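Colleague: Shown below is the structure under consideration.
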There are 2 protein chains.
Amino acid sequence: MADERQTRTEKLAGEIADAIINGSLEPGTRLDEHMLAARYGTSRTPVREALRKLATTGLIELRPRRGAIVAEVTSQQLETLFVAMGELEATCARLSALSMTPIERRRLGALYDSMADMVARDDVEAYAAANSNFHTLFYAGSHNPVLAEMTATLRRRLAPFRHAQFRAPGRLALSHAEHGAVMRAVLTGDASAAHAAMLHHVSLVEDAFEQLATPPAARWQAN
Amino acid sequence: MADERQTRTEKLAGEIADAIINGSLEPGTRLDEHMLAARYGTSRTPVREALRKLATTGLIELRPRRGAIVAEVTSQQLETLFVAMGELEATCARLSALSMTPIERRRLGALYDSMADMVARDDVEAYAAANSNFHTLFYAGSHNPVLAEMTATLRRRLAPFRHAQFRAPGRLALSHAEHGAVMRAVLTGDASAAHAAMLHHVSLVEDAFEQLATPPAARWQAN
DNA sequence: GATTCAAAAATTGCATGCACAATATTGTCC
DNA sequence: GGACAATATTGTGCATGCAATTTTTGAATC
């Protein structure tokens, strides 16, 4: 209940996106309009509109006259997505170095410090949540809503493939060290260093994924 | 007639987008579903779906229960869009420096050379078309379809505001000189120089726009 | 003349139904 | 037994209709 201000279409888009991101709808799954309408207790109309919205984010694939499926991502496409994500994150860091306000800089430093404790306690859960906030600070810090939204969209699209991100041993400490490099560059206003440090950081996330996680899609079409 | 393979929704989205880009639908115009359905000879259903698709690209603004309007862009939002565009173009140039194939590099050089003639003849029409191709080469040259599509989408979204881009005296020669800087950096594989040169180039485009063109939206909400 | 409020009109959100395209199934021939 | 064609079935694309919300209109009041 609560806020009944959003339309059924929007609510549906959110729920289906969540189902995809948390893995309960696996890549390749056919998204039958009747089935979804029945499952969520609406008619096909809002379902169709929600599917079209999700298609633009890349979470699902819409084939004219042939229905929708949860996007199957080949390892090559995943590589492409990670590279694009890295470039956008790096750009956000670059702009953050140039335009973060003193308050934003202080907040960034405070979050970074608090994450040191989580590393010390080896608290993966808390660190993962804080990590998400840490990156979000740069989206906002770019002071460019257009760029911020693009980056956030890409992040959501990659979410299904990052579940095991911090499981690798020592990954927490490494991540925190890289965060430190990014943060220092941003705080000193060194734009190109911030860009480079963030790019490096996100590349390593990609590597960690490839070494460790078996993404849902890879089961179907690896190589 | 011809290719009746695409759905009415897709065709509609294209036609409405064109109408916005070429200026026949001005920012702020209300997009009444009944009106559009009548104008294009369909029912409201495909119109609604087309509008939702356009909304995701930012060309129109969709206010729940309150209809759609052609996006009104404040000068501040326009600034944001141009910055984001510049960063993405610069990123494409950066990646192009790293990953263009010899064939792509040769094609880039050939196009650049051919544009010198257009500058000499002061052929604004031809130069504008070639300029579009020039930038598109970097989208493809990034070898990252995700990034390329994002950049192209932003370019389309800014298209309504760039009509008078090359009208300013001397702008053609200046543009060509900047293209030269970008091209040389890419051809020599200097990624950060390519990034910087493209950023510089696109910033100047933005300046040219601000000095010269009065965008449709600025009539309504400048300051 | 401006402001407030209520009723009317307009417009969106959603449901439902039908036609056609795509897919699955069955049957026939080699 | 396998390939192919005809048929049945499923599912999407689109049209239409109704209910609810928003916007407009008009009068009454300050």
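Ligands are numbered from 1 in the order shown, residues from 1 within each chain, and chains are lettered A, B, ... in the order they appear in the structure tokens.
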Quick one: chain A onto chain B, least squares on all Cα paired in order, result as a compact mmCIF listing (two decimals) with C-alpha atoms, in the first residue's frame?
Modeller:
```
# COMPACT_ATOMS: atom_id res chain seq x y z
CA MET A 1 6.01 0.61 -48.28
CA ALA A 2 9.11 -1.54 -48.71
CA ASP A 3 9.88 -3.09 -45.35
CA GLU A 4 6.63 -3.77 -43.54
CA ARG A 5 8.54 -5.79 -40.99
CA GLN A 6 8.53 -3.24 -38.18
CA THR A 7 5.48 -2.76 -36.03
CA ARG A 8 3.31 0.32 -36.06
CA THR A 9 4.70 1.22 -32.66
CA GLU A 10 8.25 1.38 -33.95
CA LYS A 11 7.30 3.31 -37.05
CA LEU A 12 5.35 5.78 -34.93
CA ALA A 13 8.23 6.24 -32.53
CA GLY A 14 10.49 7.05 -35.45
CA GLU A 15 8.09 9.49 -37.05
CA ILE A 16 7.33 11.34 -33.85
CA ALA A 17 11.02 11.50 -32.99
CA ASP A 18 11.76 12.94 -36.42
CA ALA A 19 9.03 15.53 -35.99
CA ILE A 20 10.60 16.60 -32.71
CA ILE A 21 14.15 16.62 -34.02
CA ASN A 22 13.37 18.64 -37.12
CA GLY A 23 11.43 21.08 -35.02
CA SER A 24 7.90 20.65 -36.32
CA LEU A 25 6.88 19.60 -32.82
CA GLU A 26 8.19 22.28 -30.53
CA PRO A 27 9.18 21.77 -26.90
CA GLY A 28 6.21 22.10 -24.61
CA THR A 29 3.74 20.82 -27.19
CA ARG A 30 1.18 18.53 -25.65
CA LEU A 31 1.12 15.11 -27.26
CA ASP A 32 -2.51 14.10 -27.10
CA GLU A 33 -2.92 10.40 -27.68
CA HIS A 34 -6.18 10.72 -29.59
CA MET A 35 -4.75 13.46 -31.74
CA LEU A 36 -1.61 11.50 -32.61
CA ALA A 37 -3.64 8.37 -33.27
CA ALA A 38 -5.86 10.27 -35.68
CA ARG A 39 -2.92 12.03 -37.32
CA TYR A 40 -1.08 8.79 -38.02
CA GLY A 41 -4.17 6.71 -38.70
CA THR A 42 -3.88 4.16 -35.94
CA SER A 43 -5.45 3.51 -32.57
CA ARG A 44 -4.18 4.85 -29.30
CA THR A 45 -2.43 1.63 -28.31
CA PRO A 46 0.61 1.88 -30.58
CA VAL A 47 0.74 5.61 -29.90
CA ARG A 48 0.98 4.99 -26.18
CA GLU A 49 3.75 2.46 -26.63
CA ALA A 50 5.67 4.78 -28.93
CA LEU A 51 5.37 7.62 -26.42
CA ARG A 52 6.73 5.43 -23.67
CA LYS A 53 9.66 4.47 -25.82
CA LEU A 54 10.44 8.09 -26.62
CA ALA A 55 10.17 9.00 -22.96
CA THR A 56 13.08 6.72 -22.13
CA THR A 57 15.29 8.60 -24.59
CA GLY A 58 14.35 11.90 -22.99
CA LEU A 59 12.88 13.41 -26.14
CA ILE A 60 9.49 13.67 -24.47
CA GLU A 61 8.36 13.92 -20.90
CA LEU A 62 5.70 11.54 -19.62
CA ARG A 63 3.73 12.67 -16.61
CA PRO A 64 1.59 9.90 -15.17
CA ARG A 65 -2.08 10.55 -15.75
CA ARG A 66 -1.26 13.95 -17.16
CA GLY A 67 -0.12 13.14 -20.64
CA ALA A 68 3.06 13.68 -22.57
CA ILE A 69 4.75 16.84 -23.75
CA VAL A 70 7.76 17.39 -25.98
CA ALA A 71 10.57 17.76 -23.48
CA GLU A 72 11.23 21.30 -22.45
CA VAL A 73 14.89 21.70 -21.83
CA THR A 74 16.13 24.46 -19.60
CA SER A 75 19.47 25.97 -20.47
CA GLN A 76 20.85 24.31 -17.37
CA GLN A 77 19.66 20.88 -18.50
CA LEU A 78 21.07 21.60 -21.92
CA GLU A 79 24.43 22.31 -20.36
CA THR A 80 24.21 18.99 -18.54
CA LEU A 81 23.34 17.18 -21.73
CA PHE A 82 26.23 18.75 -23.61
CA VAL A 83 28.68 17.86 -20.87
CA ALA A 84 27.47 14.25 -20.81
CA MET A 85 27.64 14.13 -24.58
CA GLY A 86 31.19 15.48 -24.53
CA GLU A 87 32.31 12.93 -21.97
CA LEU A 88 30.80 10.06 -23.92
CA GLU A 89 32.25 11.22 -27.22
CA ALA A 90 35.62 11.63 -25.57
CA THR A 91 35.35 8.12 -24.17
CA CYS A 92 34.54 6.76 -27.60
CA ALA A 93 37.61 8.54 -28.96
CA ARG A 94 39.70 7.11 -26.14
CA LEU A 95 38.59 3.57 -26.87
CA SER A 96 38.95 4.15 -30.59
CA ALA A 97 42.60 5.03 -30.06
CA LEU A 98 43.01 1.71 -28.30
CA SER A 99 40.98 -0.57 -30.52
CA MET A 100 40.35 0.73 -34.01
CA THR A 101 41.40 -1.69 -36.70
CA PRO A 102 43.77 -0.63 -39.47
CA ILE A 103 40.83 -0.49 -41.86
CA GLU A 104 38.90 1.79 -39.54
CA ARG A 105 41.92 4.02 -39.12
CA ARG A 106 42.34 4.30 -42.85
CA ARG A 107 38.67 5.14 -43.30
CA LEU A 108 38.95 7.84 -40.64
CA GLY A 109 41.95 9.40 -42.37
CA ALA A 110 40.21 9.32 -45.74
CA LEU A 111 37.09 11.01 -44.39
CA TYR A 112 39.19 13.65 -42.69
CA ASP A 113 41.02 14.41 -45.93
CA SER A 114 37.79 14.66 -47.90
CA MET A 115 36.45 17.15 -45.38
CA ALA A 116 39.35 19.47 -46.09
CA ASP A 117 37.90 20.03 -49.57
CA MET A 118 34.50 20.87 -48.12
CA VAL A 119 36.10 23.45 -45.87
CA ALA A 120 37.92 24.93 -48.84
CA ARG A 121 34.66 25.14 -50.83
CA ASP A 122 32.85 26.40 -47.71
CA ASP A 123 30.23 23.73 -48.34
CA VAL A 124 28.32 23.78 -45.05
CA GLU A 125 25.76 21.19 -46.09
CA ALA A 126 28.29 18.59 -47.11
CA TYR A 127 30.47 19.31 -44.10
CA ALA A 128 27.58 18.86 -41.68
CA ALA A 129 26.78 15.47 -43.18
CA ALA A 130 30.43 14.42 -43.17
CA ASN A 131 30.79 15.66 -39.61
CA SER A 132 28.02 13.34 -38.54
CA ASN A 133 29.80 10.45 -40.23
CA PHE A 134 33.11 11.47 -38.67
CA HIS A 135 31.68 11.23 -35.16
CA THR A 136 29.88 8.01 -35.96
CA LEU A 137 33.22 6.45 -36.90
CA PHE A 138 34.33 6.86 -33.29
CA TYR A 139 31.17 5.29 -31.94
CA ALA A 140 31.85 2.23 -34.05
CA GLY A 141 35.58 2.47 -33.44
CA SER A 142 35.10 2.12 -29.70
CA HIS A 143 34.13 -1.47 -30.48
CA ASN A 144 31.65 -1.18 -27.66
CA PRO A 145 28.04 -1.30 -28.92
CA VAL A 146 26.65 -0.38 -25.51
CA LEU A 147 28.67 2.81 -25.30
CA ALA A 148 28.08 3.54 -28.97
CA GLU A 149 24.34 3.32 -28.57
CA MET A 150 24.29 5.52 -25.48
CA THR A 151 26.30 8.16 -27.28
CA ALA A 152 24.16 8.01 -30.39
CA THR A 153 21.02 8.34 -28.27
CA LEU A 154 22.38 11.44 -26.60
CA ARG A 155 23.32 12.85 -29.97
CA ARG A 156 19.76 12.42 -31.21
CA ARG A 157 18.41 14.01 -28.07
CA LEU A 158 20.58 17.05 -28.68
CA ALA A 159 19.86 17.19 -32.40
CA PRO A 160 17.03 19.76 -32.04
CA PHE A 161 19.53 22.21 -30.60
CA ARG A 162 22.30 22.01 -33.15
CA HIS A 163 20.76 23.27 -36.31
CA ALA A 164 22.92 26.32 -36.68
CA GLN A 165 26.10 24.62 -35.58
CA PHE A 166 28.31 25.51 -38.54
CA ARG A 167 26.86 28.89 -39.39
CA ALA A 168 29.34 30.94 -37.39
CA PRO A 169 32.05 32.35 -39.62
CA GLY A 170 35.29 30.40 -39.51
CA ARG A 171 33.62 27.58 -37.62
CA LEU A 172 34.17 25.11 -40.42
CA ALA A 173 37.92 25.56 -40.48
CA LEU A 174 38.13 25.48 -36.70
CA SER A 175 36.10 22.30 -36.53
CA HIS A 176 38.30 20.68 -39.12
CA ALA A 177 41.45 21.62 -37.26
CA GLU A 178 40.06 20.06 -34.09
CA HIS A 179 39.10 16.95 -36.00
CA GLY A 180 42.70 16.78 -37.08
CA ALA A 181 43.91 16.79 -33.50
CA VAL A 182 41.49 14.02 -32.54
CA MET A 183 42.38 11.98 -35.58
CA ARG A 184 46.12 12.22 -35.07
CA ALA A 185 45.78 11.13 -31.44
CA VAL A 186 43.62 8.17 -32.42
CA LEU A 187 45.86 7.14 -35.29
CA THR A 188 48.93 7.18 -33.07
CA GLY A 189 47.08 5.24 -30.39
CA ASP A 190 47.40 7.97 -27.78
CA ALA A 191 44.29 7.29 -25.74
CA SER A 192 44.43 10.17 -23.29
CA ALA A 193 45.30 12.67 -26.01
CA ALA A 194 42.32 11.43 -28.04
CA HIS A 195 40.10 11.85 -25.00
CA ALA A 196 41.33 15.37 -24.36
CA ALA A 197 41.13 16.45 -27.98
CA MET A 198 37.58 15.20 -28.44
CA LEU A 199 36.48 16.77 -25.18
CA HIS A 200 37.94 20.07 -26.31
CA HIS A 201 36.25 19.76 -29.68
CA VAL A 202 32.82 19.06 -28.28
CA SER A 203 33.12 21.80 -25.68
CA LEU A 204 33.66 24.26 -28.48
CA VAL A 205 30.57 22.98 -30.24
CA GLU A 206 28.68 23.75 -27.07
CA ASP A 207 30.12 27.23 -26.94
CA ALA A 208 29.25 27.82 -30.58
CA PHE A 209 25.71 26.81 -29.82
CA GLU A 210 25.43 29.14 -26.89
CA GLN A 211 26.82 32.09 -28.79
CA LEU A 212 24.80 31.59 -31.89
CA ALA A 213 21.74 29.46 -31.84
CA THR A 214 18.58 30.26 -30.00
CA PRO A 215 17.21 26.84 -29.18
CA PRO A 216 13.44 26.44 -29.39
CA ALA A 217 13.26 25.83 -25.67
CA ALA A 218 15.14 28.95 -24.69
CA ARG A 219 12.25 31.05 -25.87
CA TRP A 220 10.17 29.62 -23.08
CA GLN A 221 12.53 29.30 -20.21
CA ALA A 222 15.84 30.99 -20.52
CA ASN A 223 18.06 32.15 -17.66
```
Colleague: Extract the full set of alpha helix (DSSP H) residues from segment 1-218 of chain B according to DSSP on the backbone, and format it as a VMD selection string.
Modeller: chain B and resid 8 to 21 33 to 40 44 to 57 75 to 99 102 to 121 124 to 141 145 to 158 171 to 187 191 to 212
Colleague: Looking at only C-alpha atoms (C1' of nucleotides), which of C:DT11, C:DT28, C:DT23, C:DT4 is the one that sits closest to DA6 of chain D?
Modeller: C:DT28
Colleague: Quick one: distance from atom C1' of DT12 of chain C to atom C1' of DC14 of chain D in Å, one decimal?
Modeller: 18.1 Å
Colleague: Applying 12 Å and only C-alpha atoms (C1' of nucleotides), which residues near DT26 of chain C remain after dropping the ones on its own chain fewer than 5 positions away? List them as a PyMOL selection string.
Modeller: chain D and resi 5-9
Colleague: Using only C-alpha atoms (C1' of nucleotides), which residues of chain D come within 10 Å of chain B, and what is the closest atom pair for each, with the distance in Å to one decimal? Give it as a tab-separated table, sorted by chain and residue number.
Modeller:
```
residue	atom	partner	partner_atom	distance
D:DG13	C1'	B:Thr7	CA	7.7
D:DC14	C1'	B:Thr45	CA	6.8
D:DA15	C1'	B:Ser43	CA	6.1
D:DT16	C1'	B:Ser43	CA	8.5
D:DT21	C1'	B:Arg65	CA	7.1
D:DT22	C1'	B:Arg66	CA	6.8
D:DT23	C1'	B:Arg66	CA	9.2
```
Colleague: Can those selected residues be exported to a file as a CSV table (one decimal), in the first residue's frame so that it contains N, CA and C atoms (P, O5', C5', C4', C3', O3' and C1' of nucleotides)?
Modeller:
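Final output, result.csv:
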```csv
chain,number,residue,atom,x,y,z
D,13,DG,P,4.2,-7.8,-30.4
D,13,DG,O5',2.9,-7.3,-31.2
D,13,DG,C5',2.9,-7.4,-32.6
D,13,DG,C4',1.7,-6.8,-33.2
D,13,DG,C3',1.5,-5.3,-32.8
D,13,DG,O3',1.2,-4.6,-34.0
D,13,DG,C1',-0.4,-6.5,-32.2
D,14,DC,P,1.1,-3.0,-34.0
D,14,DC,O5',-0.4,-2.7,-33.8
D,14,DC,C5',-1.3,-3.2,-34.8
D,14,DC,C4',-2.7,-3.1,-34.2
D,14,DC,C3',-3.2,-1.8,-33.8
D,14,DC,O3',-4.1,-1.3,-34.7
D,14,DC,C1',-3.9,-3.5,-32.3
D,15,DA,P,-4.8,0.1,-34.5
D,15,DA,O5',-6.3,-0.3,-33.9
D,15,DA,C5',-7.0,-1.2,-34.6
D,15,DA,C4',-8.4,-1.5,-34.0
D,15,DA,C3',-9.1,-0.2,-33.6
D,15,DA,O3',-10.5,-0.4,-33.9
D,15,DA,C1',-8.7,-1.6,-31.6
D,16,DT,P,-11.5,0.9,-33.8
D,16,DT,O5',-12.2,0.6,-32.4
D,16,DT,C5',-12.8,-0.6,-32.1
D,16,DT,C4',-13.2,-0.7,-30.7
D,16,DT,C3',-13.9,0.5,-30.1
D,16,DT,O3',-15.1,0.1,-29.5
D,16,DT,C1',-12.3,-0.2,-28.7
D,21,DT,P,-9.2,8.0,-8.9
D,21,DT,O5',-8.2,9.1,-9.5
D,21,DT,C5',-7.2,8.7,-10.4
D,21,DT,C4',-6.9,9.8,-11.4
D,21,DT,C3',-6.7,11.2,-10.7
D,21,DT,O3',-5.5,11.7,-11.1
D,21,DT,C1',-8.2,11.3,-12.6
D,22,DT,P,-4.9,13.0,-10.3
D,22,DT,O5',-4.8,14.1,-11.5
D,22,DT,C5',-4.3,13.7,-12.8
D,22,DT,C4',-4.8,14.7,-13.8
D,22,DT,C3',-4.7,16.2,-13.5
D,22,DT,O3',-4.0,16.7,-14.6
D,22,DT,C1',-6.9,15.7,-14.2
D,23,DT,P,-3.4,18.2,-14.5
D,23,DT,O5',-4.4,19.1,-15.4
D,23,DT,C5',-4.7,18.7,-16.7
D,23,DT,C4',-5.9,19.3,-17.2
D,23,DT,C3',-5.9,20.9,-17.1
D,23,DT,O3',-6.1,21.4,-18.4
D,23,DT,C1',-8.0,20.0,-16.4
```
Colleague: Enumerate, as a list in words, the complete set of residues in segment 1-214 of chain B that a backbone-based DSSP assignment places in strand (DSSP E).
Modeller: Arg30, Leu31, Ile60, Glu61, Leu62, Arg63, Gly67, Ala68, Ile69 and Val70 of chain B
Colleague: How many Å separate atom C1' of DG1 of chain D from atom C1' of DA24 of chain C?
Modeller: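 These two atoms are separated by 20.8 Å.
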